>>> print(open('work-v3.cif').read())   # mmCIF, N, CA, C and O atoms
data_entry
loop_
_atom_site.label_atom_id
_atom_site.label_comp_id
_atom_site.auth_asym_id
_atom_site.auth_seq_id
_atom_site.Cartn_x
_atom_site.Cartn_y
_atom_site.Cartn_z
N MET A 1 125.40 75.93 62.96
CA MET A 1 124.19 76.39 63.60
C MET A 1 123.82 75.42 64.73
O MET A 1 123.92 74.22 64.58
N LYS A 2 123.40 75.98 65.85
CA LYS A 2 123.01 75.14 66.98
C LYS A 2 121.69 74.46 66.68
O LYS A 2 120.86 74.98 65.95
N GLU A 3 121.52 73.29 67.25
CA GLU A 3 120.25 72.60 67.05
C GLU A 3 119.19 73.25 67.92
O GLU A 3 119.37 73.47 69.11
N VAL A 4 118.07 73.60 67.31
CA VAL A 4 117.00 74.26 68.03
C VAL A 4 116.22 73.21 68.81
O VAL A 4 115.83 72.18 68.28
N GLN A 5 116.02 73.51 70.09
CA GLN A 5 115.25 72.59 70.91
C GLN A 5 113.79 72.64 70.48
O GLN A 5 113.28 73.69 70.13
N LYS A 6 113.14 71.54 70.53
CA LYS A 6 111.78 71.46 70.06
C LYS A 6 110.81 71.74 71.21
O LYS A 6 110.53 70.90 72.02
N PHE A 7 110.29 72.98 71.23
CA PHE A 7 109.35 73.38 72.26
C PHE A 7 107.92 73.02 71.87
O PHE A 7 107.03 73.08 72.68
N TYR A 8 107.70 72.67 70.61
CA TYR A 8 106.34 72.48 70.13
C TYR A 8 105.61 71.35 70.83
O TYR A 8 104.39 71.34 70.90
N SER A 9 106.31 70.38 71.38
CA SER A 9 105.63 69.26 72.01
C SER A 9 105.32 69.53 73.47
O SER A 9 104.72 68.69 74.14
N MET A 10 105.71 70.69 73.97
CA MET A 10 105.49 71.00 75.37
C MET A 10 104.16 71.72 75.53
O MET A 10 103.80 72.57 74.73
N PRO A 11 103.41 71.39 76.59
CA PRO A 11 102.15 72.10 76.82
C PRO A 11 102.41 73.57 77.13
O PRO A 11 103.54 73.95 77.41
N ILE A 12 101.38 74.37 77.13
CA ILE A 12 101.55 75.81 77.31
C ILE A 12 101.60 76.22 78.77
O ILE A 12 101.54 77.39 79.08
N TYR A 13 101.73 75.28 79.67
CA TYR A 13 101.74 75.61 81.09
C TYR A 13 103.15 75.67 81.63
O TYR A 13 104.05 75.01 81.15
N GLY A 14 103.34 76.51 82.64
CA GLY A 14 104.66 76.76 83.20
C GLY A 14 104.98 75.92 84.41
O GLY A 14 104.41 74.85 84.64
N LEU A 15 105.88 76.45 85.21
CA LEU A 15 106.43 75.73 86.35
C LEU A 15 105.40 75.33 87.38
O LEU A 15 105.48 74.26 87.96
N ASN A 16 104.45 76.18 87.65
CA ASN A 16 103.50 75.92 88.73
C ASN A 16 102.19 75.34 88.22
O ASN A 16 101.22 75.29 88.96
N GLY A 17 102.14 74.90 87.01
CA GLY A 17 100.94 74.30 86.46
C GLY A 17 99.99 75.32 85.85
O GLY A 17 98.98 74.97 85.26
N ASN A 18 100.30 76.60 86.02
CA ASN A 18 99.49 77.67 85.43
C ASN A 18 100.12 78.08 84.11
O ASN A 18 101.16 77.59 83.72
N ARG A 19 99.49 79.02 83.46
CA ARG A 19 100.06 79.52 82.21
C ARG A 19 101.44 80.09 82.47
O ARG A 19 101.75 80.56 83.56
N ARG A 20 102.28 80.06 81.43
CA ARG A 20 103.64 80.58 81.56
C ARG A 20 103.62 82.06 81.92
O ARG A 20 102.78 82.80 81.44
N ASP A 21 104.59 82.47 82.72
CA ASP A 21 104.68 83.88 83.04
C ASP A 21 105.51 84.59 81.97
O ASP A 21 106.05 83.96 81.06
N LYS A 22 105.61 85.89 82.11
CA LYS A 22 106.30 86.70 81.10
C LYS A 22 107.76 86.30 80.94
O LYS A 22 108.28 86.24 79.84
N MET A 23 108.42 86.01 82.07
CA MET A 23 109.82 85.63 82.01
C MET A 23 110.01 84.34 81.21
O MET A 23 110.92 84.24 80.40
N GLU A 24 109.14 83.38 81.42
CA GLU A 24 109.25 82.11 80.70
C GLU A 24 109.01 82.29 79.21
O GLU A 24 109.69 81.66 78.39
N ILE A 25 108.07 83.14 78.85
CA ILE A 25 107.78 83.39 77.43
C ILE A 25 108.95 84.12 76.77
O ILE A 25 109.41 83.74 75.69
N ILE A 26 109.47 85.14 77.44
CA ILE A 26 110.61 85.88 76.90
C ILE A 26 111.82 84.97 76.78
O ILE A 26 112.52 84.97 75.77
N PHE A 27 112.06 84.14 77.79
CA PHE A 27 113.16 83.18 77.74
C PHE A 27 112.99 82.25 76.54
O PHE A 27 113.94 81.99 75.81
N GLY A 28 111.79 81.75 76.33
CA GLY A 28 111.53 80.85 75.21
C GLY A 28 111.82 81.48 73.86
O GLY A 28 112.43 80.86 72.99
N ILE A 29 111.42 82.73 73.69
CA ILE A 29 111.66 83.43 72.43
C ILE A 29 113.15 83.68 72.22
O ILE A 29 113.71 83.38 71.17
N LEU A 30 113.80 84.25 73.25
CA LEU A 30 115.23 84.56 73.12
C LEU A 30 116.04 83.29 72.91
O LEU A 30 116.98 83.26 72.11
N ASN A 31 115.69 82.24 73.62
CA ASN A 31 116.41 80.98 73.50
C ASN A 31 116.22 80.38 72.10
O ASN A 31 117.16 79.87 71.51
N ALA A 32 115.02 80.47 71.57
CA ALA A 32 114.76 79.95 70.23
C ALA A 32 115.62 80.68 69.20
O ALA A 32 116.23 80.06 68.32
N ILE A 33 115.69 82.01 69.32
CA ILE A 33 116.52 82.79 68.38
C ILE A 33 117.98 82.43 68.56
O ILE A 33 118.71 82.22 67.60
N ASN A 34 118.41 82.33 69.81
CA ASN A 34 119.81 81.99 70.10
C ASN A 34 120.19 80.61 69.57
O ASN A 34 121.32 80.40 69.14
N MET A 35 119.25 79.69 69.56
CA MET A 35 119.52 78.33 69.12
C MET A 35 119.42 78.17 67.61
O MET A 35 119.67 77.10 67.09
N GLY A 36 119.04 79.23 66.89
CA GLY A 36 119.08 79.15 65.44
C GLY A 36 117.77 79.42 64.73
O GLY A 36 117.76 79.52 63.51
N ALA A 37 116.67 79.52 65.44
CA ALA A 37 115.40 79.87 64.79
C ALA A 37 115.37 81.38 64.64
O ALA A 37 115.46 82.10 65.62
N TYR A 38 115.28 81.88 63.41
CA TYR A 38 115.31 83.32 63.25
C TYR A 38 114.13 83.88 62.48
O TYR A 38 113.90 85.08 62.49
N LYS A 39 113.37 83.06 61.82
CA LYS A 39 112.17 83.53 61.12
C LYS A 39 110.99 83.51 62.10
O LYS A 39 110.93 82.68 63.02
N LYS A 40 110.04 84.42 61.90
CA LYS A 40 108.91 84.57 62.81
C LYS A 40 108.19 83.24 63.08
O LYS A 40 107.93 82.89 64.23
N THR A 41 107.88 82.52 62.02
CA THR A 41 107.13 81.28 62.18
C THR A 41 107.91 80.25 62.99
O THR A 41 107.36 79.58 63.85
N ARG A 42 109.21 80.13 62.73
CA ARG A 42 110.06 79.19 63.46
C ARG A 42 110.15 79.55 64.94
O ARG A 42 110.05 78.70 65.81
N ILE A 43 110.36 80.83 65.21
CA ILE A 43 110.47 81.28 66.60
C ILE A 43 109.16 80.98 67.33
O ILE A 43 109.16 80.43 68.43
N MET A 44 108.05 81.34 66.71
CA MET A 44 106.74 81.11 67.29
C MET A 44 106.51 79.62 67.55
O MET A 44 106.03 79.22 68.61
N TYR A 45 106.91 78.81 66.60
CA TYR A 45 106.75 77.36 66.68
C TYR A 45 107.58 76.78 67.83
O TYR A 45 107.08 76.04 68.66
N TYR A 46 108.85 77.15 67.90
CA TYR A 46 109.74 76.60 68.92
C TYR A 46 109.44 77.14 70.32
O TYR A 46 109.69 76.46 71.30
N ALA A 47 108.91 78.36 70.41
CA ALA A 47 108.56 78.92 71.71
C ALA A 47 107.14 78.52 72.12
O ALA A 47 106.70 78.86 73.21
N ASN A 48 106.46 77.78 71.25
CA ASN A 48 105.11 77.27 71.53
C ASN A 48 104.13 78.40 71.86
O ASN A 48 103.50 78.40 72.91
N LEU A 49 104.02 79.36 70.94
CA LEU A 49 103.14 80.51 71.15
C LEU A 49 102.18 80.64 69.99
O LEU A 49 102.51 80.29 68.86
N ASP A 50 101.00 81.19 70.27
CA ASP A 50 100.11 81.52 69.17
C ASP A 50 100.52 82.88 68.62
O ASP A 50 101.31 83.60 69.22
N TRP A 51 99.98 83.24 67.45
CA TRP A 51 100.42 84.44 66.75
C TRP A 51 100.21 85.69 67.58
O TRP A 51 101.07 86.57 67.65
N LYS A 52 99.06 85.82 68.24
CA LYS A 52 98.72 87.03 68.98
C LYS A 52 99.73 87.27 70.12
O LYS A 52 100.24 88.38 70.28
N VAL A 53 100.00 86.25 70.90
CA VAL A 53 100.96 86.37 72.01
C VAL A 53 102.37 86.60 71.47
O VAL A 53 103.10 87.47 71.95
N PHE A 54 102.73 85.83 70.44
CA PHE A 54 104.05 85.98 69.84
C PHE A 54 104.27 87.41 69.35
O PHE A 54 105.30 88.02 69.64
N LYS A 55 103.32 87.96 68.64
CA LYS A 55 103.43 89.31 68.08
C LYS A 55 103.62 90.34 69.19
O LYS A 55 104.47 91.23 69.09
N ARG A 56 102.85 90.21 70.26
CA ARG A 56 102.95 91.16 71.38
C ARG A 56 104.35 91.13 72.00
O ARG A 56 104.96 92.17 72.23
N TYR A 57 104.88 89.93 72.23
CA TYR A 57 106.20 89.81 72.85
C TYR A 57 107.32 90.21 71.89
O TYR A 57 108.30 90.83 72.31
N MET A 58 107.21 89.86 70.63
CA MET A 58 108.24 90.26 69.66
C MET A 58 108.26 91.77 69.50
O MET A 58 109.34 92.36 69.41
N ASP A 59 107.09 92.40 69.48
CA ASP A 59 107.04 93.86 69.41
C ASP A 59 107.74 94.47 70.62
O ASP A 59 108.51 95.42 70.48
N PHE A 60 107.48 93.92 71.81
CA PHE A 60 108.14 94.40 73.03
C PHE A 60 109.65 94.22 72.93
O PHE A 60 110.41 95.16 73.21
N LEU A 61 110.10 93.03 72.55
CA LEU A 61 111.54 92.74 72.48
C LEU A 61 112.23 93.61 71.43
O LEU A 61 113.35 94.08 71.65
N GLU A 62 111.56 93.84 70.32
CA GLU A 62 112.15 94.68 69.27
C GLU A 62 112.16 96.16 69.69
O GLU A 62 113.16 96.86 69.50
N ARG A 63 111.08 96.60 70.30
CA ARG A 63 110.97 98.00 70.73
C ARG A 63 112.02 98.35 71.79
O ARG A 63 112.51 99.46 71.85
N HIS A 64 112.38 97.37 72.62
CA HIS A 64 113.36 97.59 73.69
C HIS A 64 114.77 97.12 73.30
O HIS A 64 115.63 96.95 74.15
N ASP A 65 114.98 96.89 72.02
CA ASP A 65 116.30 96.56 71.46
C ASP A 65 116.92 95.28 72.00
O ASP A 65 118.14 95.18 72.16
N PHE A 66 116.09 94.26 72.26
CA PHE A 66 116.60 92.95 72.63
C PHE A 66 116.79 92.07 71.39
O PHE A 66 117.63 91.18 71.38
N VAL A 67 115.98 92.33 70.37
CA VAL A 67 116.11 91.65 69.08
C VAL A 67 116.04 92.69 67.98
O VAL A 67 115.52 93.79 68.18
N GLU A 68 116.56 92.33 66.81
CA GLU A 68 116.47 93.22 65.65
C GLU A 68 116.35 92.38 64.39
O GLU A 68 116.73 91.21 64.37
N LYS A 69 115.79 93.00 63.36
CA LYS A 69 115.68 92.32 62.07
C LYS A 69 117.06 92.24 61.44
O LYS A 69 117.86 93.16 61.56
N ASP A 70 117.31 91.14 60.76
CA ASP A 70 118.65 90.91 60.21
C ASP A 70 118.80 91.30 58.74
O ASP A 70 119.84 91.11 58.16
N GLY A 71 117.76 91.79 58.12
CA GLY A 71 117.85 92.18 56.72
C GLY A 71 117.35 91.10 55.77
O GLY A 71 117.09 91.35 54.61
N ASN A 72 117.23 89.87 56.25
CA ASN A 72 116.72 88.76 55.44
C ASN A 72 115.34 88.32 55.90
O ASN A 72 114.92 87.21 55.62
N GLY A 73 114.67 89.17 56.64
CA GLY A 73 113.33 88.83 57.13
C GLY A 73 113.35 88.05 58.42
O GLY A 73 112.30 87.61 58.89
N GLY A 74 114.51 87.88 59.00
CA GLY A 74 114.62 87.14 60.25
C GLY A 74 115.01 88.04 61.40
O GLY A 74 115.14 89.25 61.25
N PHE A 75 115.18 87.44 62.56
CA PHE A 75 115.55 88.18 63.76
C PHE A 75 116.82 87.62 64.36
O PHE A 75 117.08 86.41 64.28
N ILE A 76 117.60 88.50 64.96
CA ILE A 76 118.80 88.10 65.70
C ILE A 76 118.77 88.80 67.05
O ILE A 76 118.09 89.81 67.23
N LEU A 77 119.52 88.25 68.00
CA LEU A 77 119.64 88.88 69.30
C LEU A 77 120.64 90.02 69.22
O LEU A 77 121.68 89.90 68.57
N THR A 78 120.33 91.11 69.87
CA THR A 78 121.29 92.21 69.99
C THR A 78 122.19 91.90 71.18
O THR A 78 121.98 90.91 71.90
N ASN A 79 123.19 92.74 71.41
CA ASN A 79 124.02 92.57 72.61
C ASN A 79 123.17 92.63 73.86
O ASN A 79 123.37 91.85 74.80
N LYS A 80 122.21 93.54 73.87
CA LYS A 80 121.29 93.66 75.01
C LYS A 80 120.45 92.39 75.16
O LYS A 80 120.20 91.93 76.27
N GLY A 81 120.03 91.80 74.04
CA GLY A 81 119.26 90.56 74.07
C GLY A 81 120.08 89.39 74.58
O GLY A 81 119.60 88.55 75.34
N ASN A 82 121.35 89.32 74.16
CA ASN A 82 122.24 88.27 74.67
C ASN A 82 122.46 88.42 76.17
O ASN A 82 122.47 87.42 76.90
N THR A 83 122.61 89.66 76.63
CA THR A 83 122.78 89.91 78.05
C THR A 83 121.53 89.47 78.82
O THR A 83 121.64 88.83 79.88
N LEU A 84 120.36 89.82 78.30
CA LEU A 84 119.11 89.41 78.96
C LEU A 84 119.00 87.89 79.03
O LEU A 84 118.63 87.34 80.07
N LEU A 85 119.33 87.21 77.94
CA LEU A 85 119.27 85.75 77.93
C LEU A 85 120.24 85.17 78.96
O LEU A 85 119.88 84.23 79.68
N GLU A 86 121.43 85.72 79.06
CA GLU A 86 122.40 85.27 80.06
C GLU A 86 121.85 85.47 81.47
O GLU A 86 121.98 84.58 82.33
N LYS A 87 121.24 86.62 81.73
CA LYS A 87 120.68 86.93 83.05
C LYS A 87 119.52 85.99 83.37
O LYS A 87 119.40 85.52 84.51
N LEU A 88 118.68 85.72 82.40
CA LEU A 88 117.57 84.78 82.63
C LEU A 88 118.11 83.38 82.92
O LEU A 88 117.55 82.66 83.76
N ASN A 89 119.19 82.99 82.26
CA ASN A 89 119.81 81.71 82.56
C ASN A 89 120.38 81.69 83.97
O ASN A 89 120.31 80.67 84.65
N GLU A 90 120.95 82.82 84.42
CA GLU A 90 121.47 82.90 85.78
C GLU A 90 120.34 82.75 86.80
O GLU A 90 120.49 82.03 87.79
N VAL A 91 119.22 83.41 86.55
CA VAL A 91 118.06 83.30 87.43
C VAL A 91 117.58 81.86 87.47
O VAL A 91 117.29 81.31 88.54
N LYS A 92 117.51 81.25 86.31
CA LYS A 92 117.10 79.85 86.20
C LYS A 92 118.02 78.97 87.04
O LYS A 92 117.56 78.10 87.78
N ASP A 93 119.33 79.21 86.96
CA ASP A 93 120.29 78.42 87.72
C ASP A 93 120.16 78.66 89.22
O ASP A 93 120.25 77.73 90.02
N ILE A 94 119.95 79.92 89.61
CA ILE A 94 119.80 80.24 91.03
C ILE A 94 118.56 79.56 91.60
O ILE A 94 118.58 79.02 92.70
N LEU A 95 117.49 79.57 90.83
CA LEU A 95 116.25 78.93 91.27
C LEU A 95 116.30 77.41 91.11
O LEU A 95 115.39 76.72 91.54
N ASN A 96 117.37 76.95 90.45
CA ASN A 96 117.55 75.52 90.22
C ASN A 96 116.38 74.92 89.45
O ASN A 96 115.82 73.89 89.82
N ILE A 97 116.00 75.61 88.37
CA ILE A 97 114.93 75.13 87.52
C ILE A 97 115.42 75.03 86.10
O ILE A 97 116.43 75.61 85.73
N ASN A 98 114.70 74.29 85.30
CA ASN A 98 115.04 74.13 83.89
C ASN A 98 113.90 74.70 83.07
O ASN A 98 112.94 74.01 82.78
N LEU A 99 113.99 75.99 82.72
CA LEU A 99 112.90 76.64 81.99
C LEU A 99 112.67 76.01 80.63
O LEU A 99 111.58 76.03 80.11
N GLU A 100 113.72 75.43 80.03
CA GLU A 100 113.56 74.86 78.71
C GLU A 100 112.64 73.65 78.71
O GLU A 100 112.02 73.34 77.72
N HIS A 101 112.55 72.98 79.85
CA HIS A 101 111.71 71.79 79.92
C HIS A 101 110.66 71.90 81.01
O HIS A 101 110.12 70.90 81.46
N ALA A 102 110.39 73.11 81.44
CA ALA A 102 109.47 73.31 82.54
C ALA A 102 108.02 73.39 82.10
O ALA A 102 107.13 73.42 82.91
N TYR A 103 107.78 73.43 80.83
CA TYR A 103 106.43 73.63 80.35
C TYR A 103 105.64 72.36 80.36
O TYR A 103 105.81 71.42 79.77
#
>>> encode(input="work-v3.cif", output="structure tokens")
Amino acid sequence: MKEVQKFYSMPIYGLNGNRRDKMEIIFGILNAINMGAYKKTRIMYYANLDWKVFKRYMDFLERHDFVEKDGNGGFILTNKGNTLLEKLNEVKDILNINLEHAY
């Protein structure tokens, strides 16, 4: 299992000093799942989100088939979710930013 990066110590602000945008939040959730956090509480913790925001984004990601429940109460990335995470990483590289530590 990959070591999950610890997002909990990062403030809730994004690249420009304002609140994180949707792309940064989605990247944080997908990256947390990809790195090994699969239970709701862990994902929320590592993506540094409160329950209300986390629930809204997880519902969106699940409804659009980016994540799915794994049968053990956890979440995994679907093929579509892996593709989205790869694309977000490409955007991050093109913009020459580090979303994982931009908060």
>>> residues_around(input="work-v3.cif", residues="A:Asn79", least_positions_apart="4", cutoff="8 Å", atoms="all atoms listed in the file", output="number ranges by chain")
A: 65-67, 83-86
>>> write_last_selection(input="work-v3.cif", atoms="N, CA, C and O atoms", output="mmCIF file, in the frame of the given file")
data_model
loop_
_atom_site.group_PDB
_atom_site.id
_atom_site.type_symbol
_atom_site.label_atom_id
_atom_site.label_comp_id
_atom_site.auth_asym_id
_atom_site.auth_seq_id
_atom_site.Cartn_x
_atom_site.Cartn_y
_atom_site.Cartn_z
ATOM 1 N N ASP A 65 114.980 96.890 72.020
ATOM 2 C CA ASP A 65 116.300 96.560 71.460
ATOM 3 C C ASP A 65 116.920 95.280 72.000
ATOM 4 O O ASP A 65 118.140 95.180 72.160
ATOM 5 N N PHE A 66 116.090 94.260 72.260
ATOM 6 C CA PHE A 66 116.600 92.950 72.630
ATOM 7 C C PHE A 66 116.790 92.070 71.390
ATOM 8 O O PHE A 66 117.630 91.180 71.380
ATOM 9 N N VAL A 67 115.980 92.330 70.370
ATOM 10 C CA VAL A 67 116.110 91.650 69.080
ATOM 11 C C VAL A 67 116.040 92.690 67.980
ATOM 12 O O VAL A 67 115.520 93.790 68.180
ATOM 13 N N THR A 83 122.610 89.660 76.630
ATOM 14 C CA THR A 83 122.780 89.910 78.050
ATOM 15 C C THR A 83 121.530 89.470 78.820
ATOM 16 O O THR A 83 121.640 88.830 79.880
ATOM 17 N N LEU A 84 120.360 89.820 78.300
ATOM 18 C CA LEU A 84 119.110 89.410 78.960
ATOM 19 C C LEU A 84 119.000 87.890 79.030
ATOM 20 O O LEU A 84 118.630 87.340 80.070
ATOM 21 N N LEU A 85 119.330 87.210 77.940
ATOM 22 C CA LEU A 85 119.270 85.750 77.930
ATOM 23 C C LEU A 85 120.240 85.170 78.960
ATOM 24 O O LEU A 85 119.880 84.230 79.680
ATOM 25 N N GLU A 86 121.430 85.720 79.060
ATOM 26 C CA GLU A 86 122.400 85.270 80.060
ATOM 27 C C GLU A 86 121.850 85.470 81.470
ATOM 28 O O GLU A 86 121.980 84.580 82.330
#
>>> residues_around(input="work-v3.cif", residues="A:Ile26", least_positions_apart="6", cutoff="12 Å", atoms="only C-alpha atoms", output="PyMOL selection string")
chain A and resi 20+32-33+43-44+47-49+53-62+66-67+81+84-85+87-89+99-100
>>> write_last_selection(input="work-v3.cif", atoms="N, CA, C and O atoms", output="short mmCIF file (atom, residue, chain, number, x, y, z; two decimals), in the frame of the given file")
data_model
loop_
_atom_site.label_atom_id
_atom_site.label_comp_id
_atom_site.auth_asym_id
_atom_site.auth_seq_id
_atom_site.Cartn_x
_atom_site.Cartn_y
_atom_site.Cartn_z
N ARG A 20 102.28 80.06 81.43
CA ARG A 20 103.64 80.58 81.56
C ARG A 20 103.62 82.06 81.92
O ARG A 20 102.78 82.80 81.44
N ALA A 32 115.02 80.47 71.57
CA ALA A 32 114.76 79.95 70.23
C ALA A 32 115.62 80.68 69.20
O ALA A 32 116.23 80.06 68.32
N ILE A 33 115.69 82.01 69.32
CA ILE A 33 116.52 82.79 68.38
C ILE A 33 117.98 82.43 68.56
O ILE A 33 118.71 82.22 67.60
N ILE A 43 110.36 80.83 65.21
CA ILE A 43 110.47 81.28 66.60
C ILE A 43 109.16 80.98 67.33
O ILE A 43 109.16 80.43 68.43
N MET A 44 108.05 81.34 66.71
CA MET A 44 106.74 81.11 67.29
C MET A 44 106.51 79.62 67.55
O MET A 44 106.03 79.22 68.61
N ALA A 47 108.91 78.36 70.41
CA ALA A 47 108.56 78.92 71.71
C ALA A 47 107.14 78.52 72.12
O ALA A 47 106.70 78.86 73.21
N ASN A 48 106.46 77.78 71.25
CA ASN A 48 105.11 77.27 71.53
C ASN A 48 104.13 78.40 71.86
O ASN A 48 103.50 78.40 72.91
N LEU A 49 104.02 79.36 70.94
CA LEU A 49 103.14 80.51 71.15
C LEU A 49 102.18 80.64 69.99
O LEU A 49 102.51 80.29 68.86
N VAL A 53 100.00 86.25 70.90
CA VAL A 53 100.96 86.37 72.01
C VAL A 53 102.37 86.60 71.47
O VAL A 53 103.10 87.47 71.95
N PHE A 54 102.73 85.83 70.44
CA PHE A 54 104.05 85.98 69.84
C PHE A 54 104.27 87.41 69.35
O PHE A 54 105.30 88.02 69.64
N LYS A 55 103.32 87.96 68.64
CA LYS A 55 103.43 89.31 68.08
C LYS A 55 103.62 90.34 69.19
O LYS A 55 104.47 91.23 69.09
N ARG A 56 102.85 90.21 70.26
CA ARG A 56 102.95 91.16 71.38
C ARG A 56 104.35 91.13 72.00
O ARG A 56 104.96 92.17 72.23
N TYR A 57 104.88 89.93 72.23
CA TYR A 57 106.20 89.81 72.85
C TYR A 57 107.32 90.21 71.89
O TYR A 57 108.30 90.83 72.31
N MET A 58 107.21 89.86 70.63
CA MET A 58 108.24 90.26 69.66
C MET A 58 108.26 91.77 69.50
O MET A 58 109.34 92.36 69.41
N ASP A 59 107.09 92.40 69.48
CA ASP A 59 107.04 93.86 69.41
C ASP A 59 107.74 94.47 70.62
O ASP A 59 108.51 95.42 70.48
N PHE A 60 107.48 93.92 71.81
CA PHE A 60 108.14 94.40 73.03
C PHE A 60 109.65 94.22 72.93
O PHE A 60 110.41 95.16 73.21
N LEU A 61 110.10 93.03 72.55
CA LEU A 61 111.54 92.74 72.48
C LEU A 61 112.23 93.61 71.43
O LEU A 61 113.35 94.08 71.65
N GLU A 62 111.56 93.84 70.32
CA GLU A 62 112.15 94.68 69.27
C GLU A 62 112.16 96.16 69.69
O GLU A 62 113.16 96.86 69.50
N PHE A 66 116.09 94.26 72.26
CA PHE A 66 116.60 92.95 72.63
C PHE A 66 116.79 92.07 71.39
O PHE A 66 117.63 91.18 71.38
N VAL A 67 115.98 92.33 70.37
CA VAL A 67 116.11 91.65 69.08
C VAL A 67 116.04 92.69 67.98
O VAL A 67 115.52 93.79 68.18
N GLY A 81 120.03 91.80 74.04
CA GLY A 81 119.26 90.56 74.07
C GLY A 81 120.08 89.39 74.58
O GLY A 81 119.60 88.55 75.34
N LEU A 84 120.36 89.82 78.30
CA LEU A 84 119.11 89.41 78.96
C LEU A 84 119.00 87.89 79.03
O LEU A 84 118.63 87.34 80.07
N LEU A 85 119.33 87.21 77.94
CA LEU A 85 119.27 85.75 77.93
C LEU A 85 120.24 85.17 78.96
O LEU A 85 119.88 84.23 79.68
N LYS A 87 121.24 86.62 81.73
CA LYS A 87 120.68 86.93 83.05
C LYS A 87 119.52 85.99 83.37
O LYS A 87 119.40 85.52 84.51
N LEU A 88 118.68 85.72 82.40
CA LEU A 88 117.57 84.78 82.63
C LEU A 88 118.11 83.38 82.92
O LEU A 88 117.55 82.66 83.76
N ASN A 89 119.19 82.99 82.26
CA ASN A 89 119.81 81.71 82.56
C ASN A 89 120.38 81.69 83.97
O ASN A 89 120.31 80.67 84.65
N LEU A 99 113.99 75.99 82.72
CA LEU A 99 112.90 76.64 81.99
C LEU A 99 112.67 76.01 80.63
O LEU A 99 111.58 76.03 80.11
N GLU A 100 113.72 75.43 80.03
CA GLU A 100 113.56 74.86 78.71
C GLU A 100 112.64 73.65 78.71
O GLU A 100 112.02 73.34 77.72
#
>>> atom_distance(input="work-v3.cif", atom1="atom C of A:Lys40", atom2="atom O of A:Lys52")
11.9 Å
>>> atom_distance(input="work-v3.cif", atom1="atom CA of A:Phe75", atom2="atom CA of A:Lys39")
6.3 Å
>>> atom_distance(input="work-v3.cif", atom1="atom CA of A:Ala37", atom2="atom C of A:His64")
19.2 Å
>>> select_by_dssp(input="work-v3.cif", residues="stretch 50-92 of chain A", states="strand (DSSP E)", output="PyMOL selection string")
chain A and resi 67-69+75-77
>>> axis_aligned_box(input="work-v3.cif", around="stretch 64-76 of chain A", padding_each_side="8 Å", output="JSON")
{"center_x": 116.1, "center_y": 92.0, "center_z": 64.4, "size_x": 23.5, "size_y": 27.2, "size_z": 35.5}
>>> closest_residue(input="work-v3.cif", among="A:Asp21, A:Ile29, A:Tyr38, A:Ile94", to="A:Lys69", atoms="all atoms listed in the file")
A:Tyr38
>>> select_by_dssp(input="work-v3.cif", residues="stretch 11-89 of chain A", states="helix (DSSP H, G or I)", output="MDAnalysis selection string")
chainID A and resid 22:34 40:46 51:63 79:89
